[in-house]
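*Asks:* The structure under discussion is supplied below as structure tokens; questions concerning it will follow.
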Amino acid sequence: LSVALNDRYIVPGMNPRLDTEEWNQHIDWLAGQIQKDGFRDDCPLLVFATTEPGTNRPVYGIISGESRFHAVGRANKRGAQITAIPVTLAAEGMSIEEMTVQLATSNTGKPFSPLEQAVLAQRFSKWGRDLKEIAAILKVSSAYVSQLLKIAKAPNKVRAMLQEGSISFGAALSALNADPTTAVAALEQTAAAAKAAGKKTGTSKFMPEQQATKAARAYAPQMQNLLKKIKSNEGAFALMD
């Protein structure tokens, strides 16, 4: 089935993709491929029949393939003349939960980031799915799903830093595990330390405790020599408790 671009509808909140620099670069890459080779018939969008809110105009809601849909738009702005693209119609009567499962399991393009996986894990958890079921859908371990759910419930600032790429998933998890009440401050220091070192992303090695350990190791020889000198001076050493 092939339908007109204007008959597509982006369902708010359906796609777990986050508006990041990485996602936009992926769309740009796809747009370049479409400009060069056209839209591949063997990569149809997965859609369902619905009506456009506010107009009741019959449209096709996108379940999977939003990146490709955006890429077609960019390719057309650069000179491509694509007016219709292939779609696969989802089974009639599918629930939003079933569509989300289909979305999570049918992704064969750019892998979901940990934060995007956290969005999906939280959705499935709210629908009553247990850790084992969510793990099977996302093709990860139950332990990893627990970590995803912790990230999904993290303060907005933590998730914002993850989305912009200023901290890593591992650093965020470490800070939340250590003390959720100080996680934001610790991660802001982590991001600042990474930036000072010329790095874009603050990983666990830039966390405050790791930086303190690194500094202690660096100054340990000088500290040891100083203590030896103090200890060798009986007058000074006698004044110390």
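Note on naming: chains are A, B, ... as they come in the structure tokens, residues start from 1 per chain, ligands start from 1 in the order shown.
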Give me the residues within 12 Å of Arg74 (chain A) as a ChimeraX atom specification, counting only C-alpha atoms and dropping any in the same chain fewer than 2 places off.
*Replies:* /A:24-35,67-72,76-82
*Asks:* Env of Thr100 (chain A): 12 Å cut, atoms = only C-alpha atoms, seq-sep filter 3 positions within chain, self excluded. Answer as an NGL selection string.
*Replies:* :A and (11 or 13-16 or 46-47 or 62-64 or 90 or 94-97 or 103-107 or 117 or 119-124 or 127 or 134 or 137-138)
*Asks:* In terms of the shortest atom-to-atom distance over only C-alpha atoms, which of A:Gly73, A:Gly165, A:Pro114, A:Gly93 is closest to Leu148 (chain A)?
*Replies:* A:Pro114
*Asks:* Calculate how many Å separate CA of Gly198 (chain A) from CA of Glu116 (chain A), rounding to one decimal.
*Replies:* 26.4 Å
*Asks:* If you run DSSP over the backbone, which residues in region 56-225 of chain A end up strand (DSSP E)? Put them as a PyMOL selection string.
*Replies:* chain A and resi 58-64+84-89
*Asks:* Write the residues of the preceding selection, restricted to C-alpha atoms, as a PDB file, in the first residue's frame.
*Replies:*
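again-v2.pdb, freshly written:
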```pdb
ATOM      1  CA  PRO A  58      -9.082  10.174   7.558  1.00  0.00           C
ATOM      2  CA  VAL A  59      -5.323   9.748   7.977  1.00  0.00           C
ATOM      3  CA  TYR A  60      -2.747   7.083   8.788  1.00  0.00           C
ATOM      4  CA  GLY A  61      -1.123   7.347  12.220  1.00  0.00           C
ATOM      5  CA  ILE A  62       2.557   6.404  12.250  1.00  0.00           C
ATOM      6  CA  ILE A  63       3.489   3.582  14.612  1.00  0.00           C
ATOM      7  CA  SER A  64       6.992   2.899  13.345  1.00  0.00           C
ATOM      8  CA  ALA A  84       3.808   9.068  -1.594  1.00  0.00           C
ATOM      9  CA  ILE A  85       5.605   6.359   0.373  1.00  0.00           C
ATOM     10  CA  PRO A  86       4.884   2.693   1.107  1.00  0.00           C
ATOM     11  CA  VAL A  87       3.153   1.649   4.324  1.00  0.00           C
ATOM     12  CA  THR A  88       2.090  -1.512   6.085  1.00  0.00           C
ATOM     13  CA  LEU A  89      -1.302  -1.301   7.742  1.00  0.00           C
TER      14      LEU A  89
END
```
*Asks:* Looking only at alpha helix (DSSP H) from DSSP on the backbone, list the matching residues of region 17-219 of chain A as a PyMOL selection string.
*Replies:* chain A and resi 21-37+66-77+96-106+114-126+131-138+142-152+156-164+169-178+183-196+208-219
*Asks:* My list of candidates is A:Ser141, A:Thr51, A:Lys36, A:Met99. Which is closest to Ala75 (chain A) when distances are computed with only C-alpha atoms?
*Replies:*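 Using only C-alpha atoms, the shortest distance to Ala75 (chain A) belongs to A:Lys36.
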*Asks:* So, with only C-alpha atoms as the atoms that count, which of A:Cys43, A:Ala4, A:Ala183, A:Leu131 lies closest to Asn156 (chain A)?
*Replies:*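 Nearest to Asn156 (chain A): A:Ala183.
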*Asks:* Calculate how many Å separate CA of Ala191 (chain A) from CA of Val145 (chain A), rounding to one decimal.
*Replies:*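 Computing the Euclidean distance for CA of Ala191 (chain A) and CA of Val145 (chain A) yields 25.0 Å.
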*Asks:* Counting only C-alpha atoms, figure out which residue out of A:Asn177, A:Glu66, A:Glu133, A:Ala143 gets nearest to Lys110 (chain A).
*Replies:*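 Of A:Asn177, A:Glu66, A:Glu133, A:Ala143, the one nearest Lys110 (chain A) is A:Glu66, counting only C-alpha atoms.
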*Asks:* So, with only C-alpha atoms as the atoms that count, which of A:Leu187, A:Ile230, A:Ala194, A:Ala178 lies closest to Arg159 (chain A)?
*Replies:* A:Leu187
